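A.B. asks: Sending over run-v2.cif (mmCIF, C-alpha atoms).
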```
data_data
#
loop_
_atom_site.label_atom_id
_atom_site.label_comp_id
_atom_site.auth_asym_id
_atom_site.auth_seq_id
_atom_site.Cartn_x
_atom_site.Cartn_y
_atom_site.Cartn_z
CA GLN A 1 -2.37 -6.13 -17.90
CA VAL A 2 -0.71 -5.92 -14.50
CA GLN A 3 -1.21 -8.35 -11.65
CA LEU A 4 -0.56 -7.28 -8.08
CA VAL A 5 -0.22 -9.70 -5.20
CA GLU A 6 -0.33 -8.34 -1.66
CA SER A 7 0.82 -10.21 1.40
CA GLY A 8 1.81 -9.63 4.99
CA GLY A 9 -1.50 -8.78 6.61
CA GLY A 10 -2.68 -10.37 9.81
CA LEU A 11 -3.77 -9.89 13.38
CA VAL A 12 -1.56 -7.86 15.68
CA GLN A 13 -1.91 -6.17 19.04
CA ALA A 14 -1.92 -2.41 19.38
CA GLY A 15 1.62 -1.11 19.31
CA GLY A 16 2.77 -3.95 17.12
CA THR A 17 4.25 -3.98 13.64
CA LEU A 18 3.46 -5.50 10.27
CA ARG A 19 5.12 -5.30 6.88
CA LEU A 20 2.96 -5.50 3.78
CA SER A 21 4.34 -6.45 0.39
CA CYS A 22 2.94 -5.86 -3.09
CA ALA A 23 4.55 -7.78 -5.91
CA ALA A 24 3.81 -6.52 -9.43
CA SER A 25 3.92 -8.57 -12.61
CA ARG A 26 5.37 -5.61 -14.54
CA SER A 27 8.12 -3.12 -13.84
CA ILE A 28 7.18 -0.68 -11.11
CA LEU A 29 9.24 1.93 -12.91
CA SER A 30 6.59 1.94 -15.64
CA THR A 31 4.35 3.79 -13.25
CA THR A 32 3.58 7.33 -12.27
CA TYR A 33 3.32 6.06 -8.73
CA MET A 34 2.46 3.09 -6.60
CA GLY A 35 0.42 3.41 -3.49
CA TRP A 36 -1.16 1.74 -0.53
CA TYR A 37 -4.80 2.39 0.28
CA ARG A 38 -7.07 1.03 2.96
CA GLN A 39 -10.77 0.51 3.44
CA ALA A 40 -12.45 -0.11 6.76
CA PRO A 41 -15.96 -1.62 6.90
CA GLY A 42 -18.58 0.91 5.89
CA LYS A 43 -15.99 3.50 4.91
CA GLN A 44 -14.47 4.72 1.66
CA ARG A 45 -11.10 3.61 0.42
CA ASP A 46 -8.45 6.11 1.50
CA GLN A 47 -4.88 6.75 0.48
CA VAL A 48 -2.30 5.69 3.04
CA ALA A 49 1.07 6.11 1.34
CA THR A 50 2.42 6.77 -2.15
CA ILE A 51 5.80 6.40 -3.78
CA PHE A 52 6.41 8.18 -7.07
CA THR A 53 8.70 6.95 -9.81
CA GLY A 54 11.43 9.35 -8.76
CA GLY A 55 11.27 8.10 -5.20
CA THR A 56 9.27 10.88 -3.58
CA THR A 57 6.86 9.65 -0.96
CA ASN A 58 3.83 11.04 0.77
CA TYR A 59 1.60 9.83 3.57
CA ALA A 60 -1.81 10.36 5.05
CA ASP A 61 -1.61 12.49 8.18
CA SER A 62 -2.95 9.64 10.26
CA VAL A 63 0.08 7.43 9.51
CA LYS A 64 2.93 9.93 9.29
CA GLY A 65 5.79 8.92 11.50
CA ARG A 66 4.46 5.38 11.89
CA PHE A 67 4.30 3.94 8.37
CA THR A 68 7.00 3.84 5.72
CA ILE A 69 6.56 3.02 2.05
CA SER A 70 9.55 1.65 0.15
CA ARG A 71 10.31 -0.35 -2.96
CA ASP A 72 12.69 -2.86 -4.48
CA THR A 73 12.77 -2.16 -8.20
CA ALA A 74 14.71 -5.34 -8.92
CA LYS A 75 11.85 -7.36 -7.42
CA ASN A 76 9.08 -5.08 -8.68
CA THR A 77 7.82 -4.97 -5.12
CA VAL A 78 6.53 -2.18 -2.93
CA TYR A 79 6.43 -2.46 0.85
CA LEU A 80 4.55 -0.79 3.65
CA GLN A 81 6.24 -0.98 7.03
CA MET A 82 3.66 -0.31 9.70
CA ASN A 83 4.83 0.46 13.23
CA SER A 84 2.98 1.49 16.37
CA LEU A 85 -0.23 0.07 15.00
CA LYS A 86 -3.53 1.27 16.40
CA PRO A 87 -7.00 -0.30 16.34
CA ASP A 88 -8.01 2.49 13.92
CA ASP A 89 -5.55 1.05 11.41
CA THR A 90 -7.77 -2.01 11.06
CA ALA A 91 -8.81 -2.29 7.41
CA VAL A 92 -8.28 -4.13 4.17
CA TYR A 93 -5.11 -2.74 2.61
CA TYR A 94 -4.86 -2.50 -1.17
CA CYS A 95 -1.92 -1.87 -3.45
CA LYS A 96 -2.41 0.37 -6.48
CA TYR A 97 -0.33 0.56 -9.65
CA ARG A 98 -0.85 3.80 -11.60
CA ARG A 99 0.53 3.09 -15.04
CA ILE A 100 2.15 5.93 -16.96
CA ASP A 101 -0.83 6.09 -19.34
CA GLY A 102 -3.13 6.72 -16.37
CA ARG A 103 -4.66 3.28 -16.06
CA ASP A 104 -4.95 1.91 -12.53
CA TYR A 105 -4.55 -1.64 -11.34
CA TRP A 106 -5.43 -2.91 -7.87
CA GLY A 107 -4.43 -5.88 -5.83
CA GLN A 108 -6.90 -8.18 -4.13
CA GLY A 109 -6.31 -6.67 -0.69
CA THR A 110 -4.88 -7.98 2.53
CA GLN A 111 -6.63 -7.76 5.89
CA VAL A 112 -4.94 -5.97 8.77
CA THR A 113 -6.58 -6.28 12.17
CA VAL A 114 -5.23 -4.47 15.21
CA SER A 115 -6.61 -5.53 18.56
CA SER A 116 -6.71 -3.23 21.57
#
```
Kindly present the structure from the file in structure tokens form.
C.D. replies:
Amino acid sequence: QVQLVESGGGLVQAGGTLRLSCAASRSILSTTYMGWYRQAPGKQRDQVATIFTGGTTNYADSVKGRFTISRDTAKNTVYLQMNSLKPDDTAVYYCKYRRIDGRDYWGQGTQVTVSS
């Protein structure tokens, strides 16, 4: 079992920044990848950013150049630095832990609200 605890969400004005954190109860190197996803009201949950075990990252087109995913393996924590935030970024952000055996674990989510 893996527990994930997200933090760092909040209310910010357009153009502002936030940094999300996801602390895992197990080693994040025991994963295929870790990722950030988001879900706006009435919409499906979409991938935002992913970091693979080897360090490769990828991003949704909508956040490229604005968001950066990173990790601290000593703290078993993954971060999402969000710059130049837009109202369309408003959503609940979830952390995902894809274990090597293919099982997924999700955090409880953290709300990000960007006002115009």
A.B. asks: With only C-alpha atoms as the counted atoms, please give the residues lying no more than 9 Å from range 50-55 of chain A, apart from itself and same-chain residues fewer than 6 positions off, as a ChimeraX atom specification.
C.D. replies: /A:28-37,69-71,78
A.B. asks: Keeping only C-alpha atoms, write the selected residues to a file as a PDB file, in the coordinates of the input.
C.D. replies:
```pdb
ATOM      1  CA  ILE A  28       7.180  -0.680 -11.110  1.00  0.00           C
ATOM      2  CA  LEU A  29       9.240   1.930 -12.910  1.00  0.00           C
ATOM      3  CA  SER A  30       6.590   1.940 -15.640  1.00  0.00           C
ATOM      4  CA  THR A  31       4.350   3.790 -13.250  1.00  0.00           C
ATOM      5  CA  THR A  32       3.580   7.330 -12.270  1.00  0.00           C
ATOM      6  CA  TYR A  33       3.320   6.060  -8.730  1.00  0.00           C
ATOM      7  CA  MET A  34       2.460   3.090  -6.600  1.00  0.00           C
ATOM      8  CA  GLY A  35       0.420   3.410  -3.490  1.00  0.00           C
ATOM      9  CA  TRP A  36      -1.160   1.740  -0.530  1.00  0.00           C
ATOM     10  CA  TYR A  37      -4.800   2.390   0.280  1.00  0.00           C
ATOM     11  CA  ILE A  69       6.560   3.020   2.050  1.00  0.00           C
ATOM     12  CA  SER A  70       9.550   1.650   0.150  1.00  0.00           C
ATOM     13  CA  ARG A  71      10.310  -0.350  -2.960  1.00  0.00           C
ATOM     14  CA  VAL A  78       6.530  -2.180  -2.930  1.00  0.00           C
TER      15      VAL A  78
END
```
A.B. asks: Using all atoms listed in the file, pick whichever of A:Ala24, A:Gln47, A:Val112, A:Thr73 has the shortest atom-to-atom distance to Asp61 in chain A.
C.D. replies: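 Of A:Ala24, A:Gln47, A:Val112, A:Thr73, the one nearest Asp61 in chain A, counting all atoms listed in the file, is A:Gln47.
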A.B. asks: Calculated over only C-alpha atoms, which of the candidates A:Asn76, A:Thr57, A:Ser62, A:Ser7 has the smallest distance to Ser25 in chain A?
C.D. replies: A:Asn76
A.B. asks: Nearest to Leu80 in chain A among A:Val114, A:Ala49, A:Leu20, A:Val92, with distances taken over all atoms listed in the file: which residue is it?
C.D. replies: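 Residue with the minimum atom-to-atom distance to Leu80 in chain A: A:Leu20.
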A.B. asks: May I have the protein, DNA and RNA residues with an atom at most 8 Å from (-5.9, -9.0, 6.1), counting only C-alpha atoms in the file's coordinates, returned as a ChimeraX atom specification?
C.D. replies: /A:8-11,91-93,109-113
A.B. asks: Between CA of Gly42 in chain A and CA of Thr90 in chain A, what is the distance in Å, rounded to a tenth?
C.D. replies: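 We find that CA of Gly42 in chain A and CA of Thr90 in chain A lie 12.3 Å from each other.
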A.B. asks: Looking at only C-alpha atoms, which of A:Asp72, A:Met82, A:Gln1, A:Arg38 is the one that sits closest to Tyr94 in chain A?
C.D. replies: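 The shortest atom-to-atom distance to Tyr94 in chain A comes from A:Arg38.
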A.B. asks: Given all atoms listed in the file as the basis, pick out the residue of A:Gly107, A:Gly65, A:Pro41, A:Gly102 nearest to Ala23 in chain A.
C.D. replies: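 Closest residue, counting all atoms listed in the file: A:Gly107.
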A.B. asks: Report the distance between CA of Leu4 in chain A and CA of Arg98 in chain A in Å, rounded to one decimal place.
C.D. replies: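 Pair CA of Leu4 in chain A / CA of Arg98 in chain A returns 11.6 Å.
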A.B. asks: If I take CA of Gln44 in chain A and CA of Val5 in chain A, how far is one from the other in Å, to one decimal?
C.D. replies: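 Interatomic distance, CA of Gln44 in chain A to CA of Val5 in chain A: 21.4 Å.
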A.B. asks: Compare A:Tyr105, A:Arg99, A:Gln39, A:Lys64 by their minimum atom-to-atom distance to Asn83 in chain A, counting only C-alpha atoms, and give me the closest one.
C.D. replies: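 Comparing A:Tyr105, A:Arg99, A:Gln39, A:Lys64 against Asn83 in chain A, the winner is A:Lys64.
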A.B. asks: Tell me which protein, DNA and RNA residues are within 10 Å of Ala14 in chain A, counting all atoms listed in the file, leaving out same-chain ones fewer than 6 positions away, and put them as a PyMOL selection string.
C.D. replies: chain A and resi 83-89+113-116
A.B. asks: Given 4 Å of margin on each side, can you work out the centre and size in Å (one decimal) of an axis-aligned box holding every listed atom of range 5-17 of chain A, as AutoDock Vina command-line options?
C.D. replies:
```
--center_x 0.2 --center_y -5.7 --center_z 7.1 --size_x 16.0 --size_y 17.3 --size_z 32.6
```
A.B. asks: Pull all heavy atoms for range 71-82 of chain A from the block and write them as a PDB file, in the first residue's frame.
C.D. replies:
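Resulting contents of decode.pdb:
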```
ATOM      1  N   ARG A  71      11.456  16.125  -8.732  1.00  0.00           N
ATOM      2  CA  ARG A  71      11.351  15.183  -7.620  1.00  0.00           C
ATOM      3  C   ARG A  71      12.551  15.302  -6.699  1.00  0.00           C
ATOM      4  O   ARG A  71      13.618  15.778  -7.101  1.00  0.00           O
ATOM      5  CB  ARG A  71      11.253  13.748  -8.148  1.00  0.00           C
ATOM      6  CG  ARG A  71      12.522  13.293  -8.839  1.00  0.00           C
ATOM      7  CD  ARG A  71      12.354  11.946  -9.503  1.00  0.00           C
ATOM      8  NE  ARG A  71      13.597  11.526 -10.145  1.00  0.00           N
ATOM      9  CZ  ARG A  71      13.713  10.451 -10.903  1.00  0.00           C
ATOM     10  NH1 ARG A  71      12.661   9.680 -11.133  1.00  0.00           N
ATOM     11  NH2 ARG A  71      14.877  10.135 -11.439  1.00  0.00           N
ATOM     12  N   ASP A  72      12.357  14.868  -5.483  1.00  0.00           N
ATOM     13  CA  ASP A  72      13.431  14.723  -4.500  1.00  0.00           C
ATOM     14  C   ASP A  72      13.347  13.280  -4.019  1.00  0.00           C
ATOM     15  O   ASP A  72      12.475  12.937  -3.210  1.00  0.00           O
ATOM     16  CB  ASP A  72      13.233  15.716  -3.351  1.00  0.00           C
ATOM     17  CG  ASP A  72      14.377  15.694  -2.348  1.00  0.00           C
ATOM     18  OD1 ASP A  72      15.013  14.627  -2.202  1.00  0.00           O
ATOM     19  OD2 ASP A  72      14.619  16.716  -1.711  1.00  0.00           O
ATOM     20  N   THR A  73      14.227  12.442  -4.523  1.00  0.00           N
ATOM     21  CA  THR A  73      14.140  11.022  -4.201  1.00  0.00           C
ATOM     22  C   THR A  73      14.455  10.749  -2.729  1.00  0.00           C
ATOM     23  O   THR A  73      13.957   9.784  -2.161  1.00  0.00           O
ATOM     24  CB  THR A  73      15.071  10.200  -5.093  1.00  0.00           C
ATOM     25  OG1 THR A  73      16.413  10.715  -4.967  1.00  0.00           O
ATOM     26  CG2 THR A  73      14.645  10.286  -6.544  1.00  0.00           C
ATOM     27  N   ALA A  74      15.264  11.597  -2.124  1.00  0.00           N
ATOM     28  CA  ALA A  74      15.569  11.410  -0.701  1.00  0.00           C
ATOM     29  C   ALA A  74      14.340  11.644   0.164  1.00  0.00           C
ATOM     30  O   ALA A  74      14.194  11.051   1.241  1.00  0.00           O
ATOM     31  CB  ALA A  74      16.691  12.352  -0.279  1.00  0.00           C
ATOM     32  N   LYS A  75      13.442  12.511  -0.300  1.00  0.00           N
ATOM     33  CA  LYS A  75      12.218  12.813   0.448  1.00  0.00           C
ATOM     34  C   LYS A  75      11.011  12.070  -0.107  1.00  0.00           C
ATOM     35  O   LYS A  75       9.891  12.253   0.390  1.00  0.00           O
ATOM     36  CB  LYS A  75      11.955  14.319   0.415  1.00  0.00           C
ATOM     37  CG  LYS A  75      13.011  15.155   1.116  1.00  0.00           C
ATOM     38  CD  LYS A  75      12.663  16.637   1.064  1.00  0.00           C
ATOM     39  CE  LYS A  75      13.705  17.465   1.797  1.00  0.00           C
ATOM     40  NZ  LYS A  75      13.385  18.928   1.746  1.00  0.00           N
ATOM     41  N   ASN A  76      11.212  11.287  -1.157  1.00  0.00           N
ATOM     42  CA  ASN A  76      10.088  10.590  -1.796  1.00  0.00           C
ATOM     43  C   ASN A  76       8.960  11.558  -2.141  1.00  0.00           C
ATOM     44  O   ASN A  76       7.777  11.285  -1.893  1.00  0.00           O
ATOM     45  CB  ASN A  76       9.567   9.446  -0.926  1.00  0.00           C
ATOM     46  CG  ASN A  76      10.560   8.303  -0.851  1.00  0.00           C
ATOM     47  OD1 ASN A  76      11.247   8.000  -1.824  1.00  0.00           O
ATOM     48  ND2 ASN A  76      10.658   7.682   0.306  1.00  0.00           N
ATOM     49  N   THR A  77       9.356  12.670  -2.699  1.00  0.00           N
ATOM     50  CA  THR A  77       8.405  13.744  -2.986  1.00  0.00           C
ATOM     51  C   THR A  77       8.554  14.205  -4.425  1.00  0.00           C
ATOM     52  O   THR A  77       9.664  14.332  -4.937  1.00  0.00           O
ATOM     53  CB  THR A  77       8.619  14.922  -2.024  1.00  0.00           C
ATOM     54  OG1 THR A  77       8.426  14.469  -0.673  1.00  0.00           O
ATOM     55  CG2 THR A  77       7.641  16.047  -2.306  1.00  0.00           C
ATOM     56  N   VAL A  78       7.406  14.429  -5.048  1.00  0.00           N
ATOM     57  CA  VAL A  78       7.344  14.973  -6.398  1.00  0.00           C
ATOM     58  C   VAL A  78       6.690  16.349  -6.314  1.00  0.00           C
ATOM     59  O   VAL A  78       5.766  16.546  -5.519  1.00  0.00           O
ATOM     60  CB  VAL A  78       6.550  14.038  -7.329  1.00  0.00           C
ATOM     61  CG1 VAL A  78       6.378  14.665  -8.702  1.00  0.00           C
ATOM     62  CG2 VAL A  78       7.255  12.704  -7.463  1.00  0.00           C
ATOM     63  N   TYR A  79       7.171  17.253  -7.139  1.00  0.00           N
ATOM     64  CA  TYR A  79       6.681  18.630  -7.123  1.00  0.00           C
ATOM     65  C   TYR A  79       6.112  19.004  -8.493  1.00  0.00           C
ATOM     66  O   TYR A  79       6.489  18.443  -9.514  1.00  0.00           O
ATOM     67  CB  TYR A  79       7.819  19.588  -6.778  1.00  0.00           C
ATOM     68  CG  TYR A  79       8.514  19.273  -5.480  1.00  0.00           C
ATOM     69  CD1 TYR A  79       9.689  18.531  -5.471  1.00  0.00           C
ATOM     70  CD2 TYR A  79       7.991  19.706  -4.274  1.00  0.00           C
ATOM     71  CE1 TYR A  79      10.345  18.231  -4.286  1.00  0.00           C
ATOM     72  CE2 TYR A  79       8.629  19.406  -3.078  1.00  0.00           C
ATOM     73  CZ  TYR A  79       9.799  18.667  -3.088  1.00  0.00           C
ATOM     74  OH  TYR A  79      10.430  18.369  -1.901  1.00  0.00           O
ATOM     75  N   LEU A  80       5.239  19.983  -8.468  1.00  0.00           N
ATOM     76  CA  LEU A  80       4.761  20.592  -9.704  1.00  0.00           C
ATOM     77  C   LEU A  80       4.833  22.103  -9.516  1.00  0.00           C
ATOM     78  O   LEU A  80       4.032  22.670  -8.760  1.00  0.00           O
ATOM     79  CB  LEU A  80       3.339  20.156 -10.044  1.00  0.00           C
ATOM     80  CG  LEU A  80       2.818  20.657 -11.395  1.00  0.00           C
ATOM     81  CD1 LEU A  80       3.597  19.991 -12.548  1.00  0.00           C
ATOM     82  CD2 LEU A  80       1.319  20.388 -11.548  1.00  0.00           C
ATOM     83  N   GLN A  81       5.792  22.707 -10.173  1.00  0.00           N
ATOM     84  CA  GLN A  81       5.917  24.162 -10.158  1.00  0.00           C
ATOM     85  C   GLN A  81       5.035  24.716 -11.264  1.00  0.00           C
ATOM     86  O   GLN A  81       5.205  24.357 -12.436  1.00  0.00           O
ATOM     87  CB  GLN A  81       7.368  24.585 -10.372  1.00  0.00           C
ATOM     88  CG  GLN A  81       7.584  26.075 -10.419  1.00  0.00           C
ATOM     89  CD  GLN A  81       7.349  26.744  -9.081  1.00  0.00           C
ATOM     90  OE1 GLN A  81       7.761  26.234  -8.042  1.00  0.00           O
ATOM     91  NE2 GLN A  81       6.688  27.897  -9.100  1.00  0.00           N
ATOM     92  N   MET A  82       4.123  25.582 -10.884  1.00  0.00           N
ATOM     93  CA  MET A  82       3.159  26.115 -11.844  1.00  0.00           C
ATOM     94  C   MET A  82       3.339  27.625 -11.929  1.00  0.00           C
ATOM     95  O   MET A  82       3.111  28.332 -10.935  1.00  0.00           O
ATOM     96  CB  MET A  82       1.734  25.763 -11.413  1.00  0.00           C
ATOM     97  CG  MET A  82       1.519  24.264 -11.238  1.00  0.00           C
ATOM     98  SD  MET A  82      -0.202  23.829 -10.947  1.00  0.00           S
ATOM     99  CE  MET A  82      -0.477  24.589  -9.354  1.00  0.00           C
TER     100      MET A  82
END
```
